[in-house]
$ cat coords25.json   # JSON, C-alpha atoms and all ligand atoms
[["chain", "number", "residue", "atom", "x", "y", "z"],
["C", 230, "MET", "CA", -62.14, 34.02, 47.63],
["C", 231, "PRO", "CA", -60.90, 36.33, 50.39],
["C", 232, "TYR", "CA", -57.14, 36.14, 49.84],
["C", 233, "VAL", "CA", -56.49, 39.83, 50.33],
["C", 234, "ASN", "CA", -53.79, 42.36, 51.04],
["C", 235, "THR", "CA", -53.62, 43.93, 54.50],
["C", 236, "LYS", "CA", -54.93, 47.37, 53.50],
["C", 237, "GLU", "CA", -58.64, 47.24, 54.27],
["C", 238, "MET", "CA", -58.18, 44.61, 56.95],
["C", 239, "LEU", "CA", -55.90, 46.83, 59.04],
["C", 240, "ILE", "CA", -57.72, 50.10, 58.41],
["C", 241, "LYS", "CA", -60.95, 48.44, 59.53],
["C", 242, "ALA", "CA", -59.21, 47.09, 62.63],
["C", 243, "ARG", "CA", -57.95, 50.57, 63.51],
["C", 244, "GLN", "CA", -61.40, 52.12, 62.98],
["C", 245, "GLN", "CA", -63.27, 49.42, 64.89],
["C", 246, "LYS", "CA", -60.62, 49.15, 67.62],
["C", 247, "TYR", "CA", -59.40, 45.58, 67.52],
["C", 248, "VAL", "CA", -56.11, 43.94, 66.64],
["C", 249, "VAL", "CA", -55.43, 41.51, 63.79],
["C", 250, "GLY", "CA", -52.83, 38.89, 64.67],
["C", 251, "GLY", "CA", -49.81, 38.33, 62.45],
["C", 252, "PHE", "CA", -48.95, 34.67, 63.03],
["C", 253, "ASN", "CA", -45.68, 33.18, 61.78],
["C", 254, "ILE", "CA", -45.90, 29.81, 60.08],
["C", 255, "VAL", "CA", -43.05, 27.46, 59.16],
["C", 256, "ASN", "CA", -44.73, 24.70, 57.17],
["C", 257, "HIS", "CA", -48.04, 23.25, 56.03],
["C", 258, "THR", "CA", -48.97, 22.05, 59.53],
["C", 259, "SER", "CA", -48.70, 25.48, 61.14],
["C", 260, "LEU", "CA", -50.26, 27.17, 58.11],
["C", 261, "VAL", "CA", -53.36, 25.00, 58.29],
["C", 262, "ALA", "CA", -53.53, 25.51, 62.06],
["C", 263, "VAL", "CA", -53.62, 29.30, 61.65],
["C", 264, "ILE", "CA", -56.22, 29.22, 58.87],
["C", 265, "GLU", "CA", -58.43, 26.77, 60.77],
["C", 266, "ALA", "CA", -58.22, 29.06, 63.81],
["C", 267, "ALA", "CA", -59.36, 32.00, 61.68],
["C", 268, "LYS", "CA", -62.25, 29.96, 60.26],
["C", 269, "GLU", "CA", -63.41, 28.69, 63.65],
["C", 270, "ASN", "CA", -63.17, 32.17, 65.21],
["C", 271, "ASN", "CA", -64.54, 33.97, 62.15],
["C", 272, "SER", "CA", -61.52, 36.26, 62.35],
["C", 273, "PRO", "CA", -59.39, 38.08, 59.79],
["C", 274, "VAL", "CA", -55.84, 36.75, 59.84],
["C", 275, "ILE", "CA", -52.36, 37.54, 58.58],
["C", 276, "ILE", "CA", -50.05, 34.63, 57.80],
["C", 277, "GLN", "CA", -46.42, 35.62, 58.26],
["C", 278, "THR", "CA", -43.39, 34.01, 56.67],
["C", 279, "SER", "CA", -39.79, 34.81, 57.50],
["C", 280, "GLN", "CA", -37.21, 35.06, 54.72],
["C", 281, "LYS", "CA", -35.82, 31.75, 55.96],
["C", 282, "THR", "CA", -39.19, 30.01, 55.67],
["C", 283, "VAL", "CA", -39.68, 31.45, 52.20],
["C", 284, "LYS", "CA", -36.30, 30.18, 51.06],
["C", 285, "GLU", "CA", -37.07, 26.78, 52.61],
["C", 286, "LEU", "CA", -40.56, 26.37, 51.12],
["C", 287, "GLY", "CA", -40.03, 28.21, 47.84],
["C", 288, "TYR", "CA", -42.08, 30.97, 46.24],
["C", 289, "LYS", "CA", -44.70, 28.99, 44.36],
["C", 290, "VAL", "CA", -46.25, 26.43, 46.69],
["C", 291, "LEU", "CA", -47.19, 28.63, 49.67],
["C", 292, "PRO", "CA", -49.36, 31.19, 47.85],
["C", 293, "ALA", "CA", -50.93, 28.36, 45.82],
["C", 294, "VAL", "CA", -51.85, 26.45, 49.00],
["C", 295, "ILE", "CA", -53.17, 29.54, 50.78],
["C", 296, "LYS", "CA", -55.27, 30.58, 47.78],
["C", 297, "GLU", "CA", -56.73, 27.08, 47.66],
["C", 298, "LEU", "CA", -57.49, 27.06, 51.41],
["C", 299, "ALA", "CA", -58.96, 30.57, 51.18],
["C", 300, "LYS", "CA", -61.50, 29.32, 48.65],
["C", 301, "GLU", "CA", -63.09, 27.20, 51.37],
["C", 302, "THR", "CA", -63.83, 30.13, 53.68],
["C", 303, "ASP", "CA", -65.14, 33.68, 53.81],
["C", 304, "VAL", "CA", -62.63, 35.00, 56.36],
["C", 305, "PRO", "CA", -60.09, 37.47, 54.94],
["C", 306, "ILE", "CA", -56.63, 35.92, 54.78],
["C", 307, "ALA", "CA", -53.49, 37.93, 53.99],
["C", 308, "MET", "CA", -49.89, 36.77, 53.72],
["C", 309, "ILE", "CA", -46.94, 38.96, 54.58],
["C", 310, "LEU", "CA", -43.19, 38.53, 54.25],
["C", 311, "ASP", "CA", -41.95, 39.33, 57.78],
["C", 312, "HIS", "CA", -38.79, 41.45, 58.20],
["C", 313, "GLY", "CA", -37.83, 41.61, 54.56],
["C", 314, "THR", "CA", -34.22, 42.76, 54.36],
["C", 315, "ASP", "CA", -33.22, 41.01, 51.12],
["C", 316, "THR", "CA", -34.51, 42.96, 48.12],
["C", 317, "GLU", "CA", -34.39, 39.89, 45.90],
["C", 318, "VAL", "CA", -36.62, 37.89, 48.28],
["C", 319, "ILE", "CA", -39.03, 40.83, 48.63],
["C", 320, "LYS", "CA", -39.31, 41.22, 44.85],
["C", 321, "ASN", "CA", -39.95, 37.51, 44.40],
["C", 322, "CYS", "CA", -42.64, 37.50, 47.11],
["C", 323, "VAL", "CA", -44.39, 40.41, 45.37],
["C", 324, "GLU", "CA", -44.06, 38.61, 42.05],
["C", 325, "PHE", "CA", -45.27, 35.20, 43.25],
["C", 326, "GLY", "CA", -48.36, 36.18, 45.21],
["C", 327, "TRP", "CA", -47.67, 37.39, 48.76],
["C", 328, "THR", "CA", -50.31, 40.07, 49.37],
["C", 329, "SER", "CA", -48.10, 42.13, 51.65],
["C", 330, "VAL", "CA", -44.41, 42.55, 52.42],
["C", 331, "MET", "CA", -42.48, 44.09, 55.27],
["C", 332, "ILE", "CA", -39.38, 46.06, 54.37],
["C", 333, "ASP", "CA", -37.19, 46.28, 57.44],
["C", 334, "GLY", "CA", -34.81, 49.16, 56.90],
["C", 335, "SER", "CA", -34.57, 49.78, 60.63],
["C", 336, "ALA", "CA", -30.86, 48.94, 60.80],
["C", 337, "TYR", "CA", -30.16, 52.01, 58.65],
["C", 338, "PRO", "CA", -30.18, 55.71, 59.49],
["C", 339, "PHE", "CA", -33.46, 57.60, 58.93],
["C", 340, "GLU", "CA", -32.78, 58.88, 55.39],
["C", 341, "LYS", "CA", -31.44, 55.54, 54.16],
["C", 342, "ASN", "CA", -34.42, 53.71, 55.71],
["C", 343, "ILE", "CA", -36.74, 56.08, 53.83],
["C", 344, "GLU", "CA", -34.86, 55.53, 50.59],
["C", 345, "ILE", "CA", -34.97, 51.72, 50.63],
["C", 346, "THR", "CA", -38.53, 51.59, 51.99],
["C", 347, "LYS", "CA", -39.81, 53.94, 49.26],
["C", 348, "LYS", "CA", -38.25, 51.77, 46.56],
["C", 349, "ILE", "CA", -40.18, 48.77, 47.90],
["C", 350, "THR", "CA", -43.51, 50.62, 48.21],
["C", 351, "ASP", "CA", -43.19, 51.87, 44.61],
["C", 352, "MET", "CA", -42.56, 48.33, 43.38],
["C", 353, "ALA", "CA", -45.13, 46.59, 45.62],
["C", 354, "HIS", "CA", -47.98, 49.08, 45.17],
["C", 355, "SER", "CA", -47.79, 48.65, 41.40],
["C", 356, "LYS", "CA", -48.82, 45.02, 42.03],
["C", 357, "ASN", "CA", -51.48, 45.81, 44.65],
["C", 358, "VAL", "CA", -49.22, 44.49, 47.42],
["C", 359, "THR", "CA", -49.26, 46.41, 50.72],
["C", 360, "VAL", "CA", -46.12, 47.35, 52.64],
["C", 361, "GLU", "CA", -45.20, 47.43, 56.32],
["C", 362, "GLY", "CA", -42.16, 49.56, 57.24],
["C", 363, "GLU", "CA", -40.24, 49.79, 60.49],
["C", 364, "LEU", "CA", -39.10, 52.98, 62.21],
["C", 365, "GLY", "CA", -36.91, 52.68, 65.30],
["C", 366, "HIS", "CA", -35.10, 49.40, 65.87],
["C", 367, "ILE", "CA", -36.87, 46.53, 67.67],
["C", 368, "GLY", "CA", -34.64, 44.44, 69.96],
["C", 369, "GLY", "CA", -34.21, 40.70, 70.46],
["C", 370, "ILE", "CA", -33.56, 37.74, 68.20],
["C", 371, "GLU", "CA", -35.78, 36.26, 65.50],
["C", 372, "GLU", "CA", -34.29, 34.21, 62.68],
["C", 373, "HIS", "CA", -31.95, 36.52, 60.71],
["C", 374, "ILE", "CA", -32.86, 39.57, 62.83],
["C", 375, "SER", "CA", -30.69, 40.00, 65.93],
["C", 376, "VAL", "CA", -30.56, 43.31, 67.77],
["C", 377, "ASP", "CA", -28.60, 43.66, 71.03],
["C", 378, "SER", "CA", -30.17, 45.77, 73.76],
["C", 379, "ASP", "CA", -27.64, 48.58, 73.26],
["C", 380, "LYS", "CA", -28.67, 48.81, 69.59],
["C", 381, "VAL", "CA", -32.40, 49.10, 70.30],
["C", 382, "LEU", "CA", -33.77, 52.42, 69.14],
["C", 383, "LEU", "CA", -37.25, 53.36, 70.27],
["C", 384, "THR", "CA", -39.40, 55.03, 67.62],
["C", 385, "ASP", "CA", -39.29, 58.82, 67.68],
["C", 386, "PRO", "CA", -42.93, 59.96, 67.43],
["C", 387, "GLU", "CA", -41.73, 63.24, 65.84],
["C", 388, "LYS", "CA", -40.43, 61.29, 62.84],
["C", 389, "VAL", "CA", -43.40, 58.99, 62.29],
["C", 390, "LEU", "CA", -45.52, 61.19, 60.03],
["C", 391, "GLU", "CA", -42.59, 62.23, 57.88],
["C", 392, "PHE", "CA", -41.53, 58.59, 57.50],
["C", 393, "ALA", "CA", -45.03, 57.47, 56.52],
["C", 394, "GLU", "CA", -45.55, 60.39, 54.15],
["C", 395, "ARG", "CA", -42.25, 60.04, 52.33],
["C", 396, "THR", "CA", -42.28, 56.23, 52.08],
["C", 397, "GLN", "CA", -46.01, 55.78, 51.37],
["C", 398, "ILE", "CA", -46.09, 52.69, 53.60],
["C", 399, "ASP", "CA", -49.47, 51.14, 54.44],
["C", 400, "SER", "CA", -48.60, 50.21, 58.04],
["C", 401, "LEU", "CA", -45.74, 50.96, 60.41],
["C", 402, "ALA", "CA", -43.97, 48.71, 62.91],
["C", 403, "VAL", "CA", -42.82, 50.76, 65.89],
["C", 404, "ALA", "CA", -40.27, 50.09, 68.63],
["C", 405, "ILE", "CA", -41.74, 50.84, 72.06],
["C", 406, "GLY", "CA", -39.86, 48.28, 74.16],
["C", 407, "THR", "CA", -41.26, 44.99, 72.91],
["C", 408, "LYS", "CA", -38.66, 42.55, 71.62],
["C", 409, "HIS", "CA", -38.35, 39.40, 69.56],
["C", 410, "GLY", "CA", -38.03, 36.14, 71.47],
["C", 411, "PHE", "CA", -39.29, 35.51, 74.99],
["C", 412, "TYR", "CA", -38.87, 38.16, 77.69],
["C", 413, "ASP", "CA", -36.47, 38.22, 80.62],
["C", 414, "ILE", "CA", -38.01, 39.00, 83.97],
["C", 415, "LYS", "CA", -37.13, 42.66, 83.60],
["C", 416, "TYR", "CA", -38.46, 44.55, 80.61],
["C", 417, "GLU", "CA", -40.15, 47.87, 80.19],
["C", 418, "LEU", "CA", -42.70, 49.00, 77.63],
["C", 419, "ASP", "CA", -42.96, 52.69, 76.76],
["C", 420, "PHE", "CA", -46.73, 53.14, 76.74],
["C", 421, "ASN", "CA", -46.44, 56.96, 76.63],
["C", 422, "ARG", "CA", -44.49, 56.71, 73.41],
["C", 423, "LEU", "CA", -47.08, 54.37, 71.92],
["C", 424, "GLY", "CA", -49.85, 56.74, 73.06],
["C", 425, "LYS", "CA", -48.16, 59.68, 71.30],
["C", 426, "ILE", "CA", -47.73, 57.64, 68.11],
["C", 427, "MET", "CA", -51.38, 56.57, 68.16],
["C", 428, "ASP", "CA", -52.52, 60.18, 68.78],
["C", 429, "ILE", "CA", -50.76, 61.62, 65.75],
["C", 430, "THR", "CA", -51.45, 58.81, 63.27],
["C", 431, "ASP", "CA", -54.55, 57.47, 61.57],
["C", 432, "PHE", "CA", -52.92, 54.62, 59.63],
["C", 433, "PRO", "CA", -52.28, 51.10, 60.97],
["C", 434, "ILE", "CA", -49.57, 50.69, 63.61],
["C", 435, "VAL", "CA", -47.89, 47.31, 64.17],
["C", 436, "ILE", "CA", -46.33, 45.87, 67.33],
["C", 437, "HIS", "CA", -43.76, 43.08, 66.97],
["C", 438, "GLY", "CA", -42.54, 40.73, 69.68],
["C", 439, "CYS", "CA", -45.84, 40.04, 71.43],
["C", 440, "SER", "CA", -45.04, 36.47, 72.51],
["C", 441, "GLY", "CA", -44.87, 35.86, 76.23],
["C", 442, "LEU", "CA", -45.78, 39.34, 77.47],
["C", 443, "ALA", "CA", -47.28, 39.61, 80.95],
["C", 444, "GLU", "CA", -51.07, 39.59, 80.69],
["C", 445, "ASN", "CA", -51.49, 43.16, 82.00],
["C", 446, "ASP", "CA", -48.89, 44.48, 79.54],
["C", 447, "LEU", "CA", -50.50, 42.62, 76.66],
["C", 448, "ASN", "CA", -53.93, 44.00, 77.53],
["C", 449, "ARG", "CA", -52.59, 47.51, 77.97],
["C", 450, "LEU", "CA", -50.89, 47.34, 74.56],
["C", 451, "ILE", "CA", -54.14, 46.18, 72.97],
["C", 452, "SER", "CA", -56.02, 49.08, 74.61],
["C", 453, "PHE", "CA", -54.03, 51.51, 72.42],
["C", 454, "CYS", "CA", -55.54, 49.75, 69.36],
["C", 455, "PRO", "CA", -52.54, 48.98, 67.21],
["C", 456, "SER", "CA", -53.95, 47.31, 64.11],
["C", 457, "LYS", "CA", -51.60, 44.33, 64.06],
["C", 458, "MET", "CA", -49.65, 42.44, 66.69],
["C", 459, "ASN", "CA", -47.16, 39.68, 65.84],
["C", 460, "ILE", "CA", -46.86, 36.29, 67.46],
["C", 461, "SER", "CA", -43.96, 34.11, 66.35],
["C", 462, "THR", "CA", -41.84, 32.77, 69.23],
["C", 463, "GLU", "CA", -44.81, 31.32, 71.10],
["C", 464, "ILE", "CA", -45.96, 29.44, 67.99],
["C", 465, "LYS", "CA", -42.48, 27.95, 67.49],
["C", 466, "HIS", "CA", -42.38, 26.86, 71.12],
["C", 467, "ILE", "CA", -45.81, 25.26, 71.17],
["C", 468, "TYR", "CA", -44.98, 23.54, 67.88],
["C", 469, "ILE", "CA", -41.75, 21.97, 69.18],
["C", 470, "ASP", "CA", -43.10, 21.28, 72.68],
["C", 471, "SER", "CA", -46.18, 19.50, 71.37],
["C", 472, "CYS", "CA", -44.03, 17.40, 68.99],
["C", 473, "LYS", "CA", -41.90, 16.35, 71.96],
["C", 474, "LYS", "CA", -44.91, 15.67, 74.17],
["C", 475, "TYR", "CA", -46.63, 13.52, 71.56],
["C", 476, "ILE", "CA", -43.52, 11.44, 70.94],
["C", 477, "GLU", "CA", -42.91, 11.00, 74.67],
["C", 478, "GLU", "CA", -46.50, 9.86, 75.17],
["C", 479, "HIS", "CA", -46.53, 7.58, 72.10],
["C", 480, "PRO", "CA", -42.99, 6.18, 71.94],
["C", 481, "ASP", "CA", -43.96, 3.15, 69.85],
["C", 482, "GLU", "CA", -46.25, 4.85, 67.35],
["C", 483, "TYR", "CA", -45.11, 5.34, 63.77],
["C", 484, "GLU", "CA", -48.13, 7.09, 62.34],
["C", 485, "PRO", "CA", -47.01, 10.63, 61.37],
["C", 486, "VAL", "CA", -50.52, 11.87, 60.56],
["C", 487, "LYS", "CA", -51.66, 11.41, 64.17],
["C", 488, "LYS", "CA", -48.73, 13.44, 65.45],
["C", 489, "ILE", "CA", -49.30, 16.13, 62.82],
["C", 490, "SER", "CA", -52.98, 16.48, 63.80],
["C", 491, "TYR", "CA", -52.04, 16.73, 67.47],
["C", 492, "VAL", "CA", -49.45, 19.46, 66.82],
["C", 493, "GLN", "CA", -51.84, 21.29, 64.49],
["C", 494, "GLN", "CA", -54.52, 21.26, 67.17],
["C", 495, "GLN", "CA", -52.16, 22.76, 69.78],
["C", 496, "VAL", "CA", -51.01, 25.55, 67.43],
["C", 497, "LYS", "CA", -54.62, 26.24, 66.43],
["C", 498, "GLU", "CA", -55.73, 26.60, 70.05],
["C", 499, "LEU", "CA", -52.92, 29.08, 70.76],
["C", 500, "VAL", "CA", -53.84, 31.18, 67.71],
["C", 501, "LYS", "CA", -57.54, 31.10, 68.66],
["C", 502, "LYS", "CA", -56.64, 32.26, 72.17],
["C", 503, "TYR", "CA", -54.80, 35.26, 70.73],
["C", 504, "MET", "CA", -57.67, 36.07, 68.35],
["C", 505, "ASP", "CA", -59.96, 36.22, 71.38],
["C", 506, "ILE", "CA", -57.55, 38.41, 73.33],
["C", 507, "PHE", "CA", -56.96, 40.69, 70.32],
["C", 508, "GLY", "CA", -60.71, 41.13, 69.80],
["C", 509, "SER", "CA", -60.59, 39.97, 66.17],
["C", 510, "THR", "CA", -62.86, 36.98, 66.82],
["C", 511, "GLY", "CA", -66.14, 37.53, 64.95],
["C", 512, "LYS", "CA", -64.74, 40.44, 62.90],
["C", 513, "ALA", "CA", -64.25, 38.64, 59.58],
["C", 601, "ZN", "ZN", -40.67, 41.28, 64.15]]

$ encode --input "coords25.json" --output "C-alpha cells"
Amino acid sequence: MPYVNTKEMLIKARQQKYVVGGFNIVNHTSLVAVIEAAKENNSPVIIQTSQKTVKELGYKVLPAVIKELAKETDVPIAMILDHGTDTEVIKNCVEFGWTSVMIDGSAYPFEKNIEITKKITDMAHSKNVTVEGELGHIGGIEEHISVDSDKVLLTDPEKVLEFAERTQIDSLAVAIGTKHGFYDIKYELDFNRLGKIMDITDFPIVIHGCSGLAENDLNRLISFCPSKMNISTEIKHIYIDSCKKYIEEHPDEYEPVKKISYVQQQVKELVKKYMDIFGSTGKA
C-alpha cells in the first residue's frame, strides 16, 4: 500500500532528474482524477490540500479515502498540506494522516521563519511526516495566501543552506519569480538564482505557481531539476470550465454522475499532461 511521505519520492526525483507534480484537489472528483492519472501514467504523485479544503472536507475522510484508493495501486501517493500557516490545522493534519505538511513562514523575517518552521519539523518528524518550508516570499494569490508584487522576496541563495540546516526541513519552496494564479503578459523568472540554489543544495527544491507558464519557461524550469512543481490554478480552471461546458452542452440532463465523470476525465487529462512534461511518467 504505497501511501507514503514525500521523503524518498523527492530525493529519488532529484537524483534521477525528473519532477514530481504537486496537484491541488478540492473534493472527491478531483482527488480521484489525480490518482487515476498517476495510475495510468505509472507516476509518483503528491496530492495537495489547502487549509481551506481541509477545513471544508474535515480531517478524517480524506486520508481514509486516499489510503483506500492507494491499496488498489502500486504507484507512490503522498498527501501534503499546502501553505500551512495555521499551527492548529498543521498539527491536526499530522495527527490524522497527511504524510507531509508545508509550513509557510515566508511572511516572517528570517529568524522567525526558522523558529516556527523548526517547531513544525520537530513535531512532524516524530510522526514520520515530512516537511516543506518556504524561504523568500512567493507572489500572487492562492486561497488564503495573497502577496502583492511589492512584497515578493526572491530567495537569497546565501541563506538556503543555513535555513535548511537549522530547520531540518525535507524540501524547500523557493521564490524565483513564479507566482500563484495565472500570469500577466509580463513576468520574469530568475533562472540564475534557481541555478545557484540547485548548485549548492542536494535536497529537494520545490517551485510553486507553475500553472500557465509559457512552454519555454516551463521547460527551462524543469531542466534545473527541482524535485516538485505545483499545479493548482490550472486544475481549478479546468474543473470549473468543464462543469460549465458540460451543463451548456446538456442543458436538460439531470444525471450528476455523467457530469462528474466528464469533469474527472478533463482534470485527469491535464494532470497526465503535466506528468509527461515533468518526466515523472513511468517513474513509479
Ligand atoms: Zn504555493

$ residues_near_point --input "coords25.json" --point "(-51.7, 18.6, 65.0)" --cutoff "12 Å" --atoms "all atoms listed in the file" --output "PyMOL selection string"
chain C and resi 257-263+265+467-472+474-475+485-498

$ closest_atom_pairs --input "coords25.json" --of "chain C" --to "ligand ZN 601 (chain C)" --cutoff "8 Å" --atoms "all atoms listed in the file" --output "CSV"
residue,atom,partner,partner_atom,distance
C:Asp311,CA,C:ZN601,ZN,6.8
C:His312,CA,C:ZN601,ZN,6.2
C:Ile367,CA,C:ZN601,ZN,7.4
C:Glu371,CA,C:ZN601,ZN,7.1
C:Lys408,CA,C:ZN601,ZN,7.8
C:His409,CA,C:ZN601,ZN,6.2
C:Ile436,CA,C:ZN601,ZN,8.0
C:His437,CA,C:ZN601,ZN,4.6
C:Gly438,CA,C:ZN601,ZN,5.9
C:Asn459,CA,C:ZN601,ZN,6.9

$ atom_distance --input "coords25.json" --atom1 "atom CA of Val255 of chain C" --atom2 "atom CA of Asp351 of chain C"
28.4 Å

$ closest_residue --input "coords25.json" --among "C:Ile254, C:Leu364, C:Leu286, C:Leu418" --to "Phe392 of chain C" --atoms "only C-alpha atoms"
C:Leu364

$ atom_distance --input "coords25.json" --atom1 "atom CA of Lys356 of chain C" --atom2 "atom CA of Ser272 of chain C"
25.5 Å

$ residues_near_point --input "coords25.json" --point "(-39.6, 43.3, 81.8)" --cutoff "10 Å" --atoms "only C-alpha atoms" --output "PyMOL selection string"
chain C and resi 406-407+412-418+442-443+446

$ atom_distance --input "coords25.json" --atom1 "atom CA of Cys322 of chain C" --atom2 "atom CA of Val376 of chain C"
24.6 Å

$ closest_residue --input "coords25.json" --among "C:His366, C:Tyr337, C:Asn253, C:Glu344" --to "Ser378 of chain C" --atoms "only C-alpha atoms"
C:His366
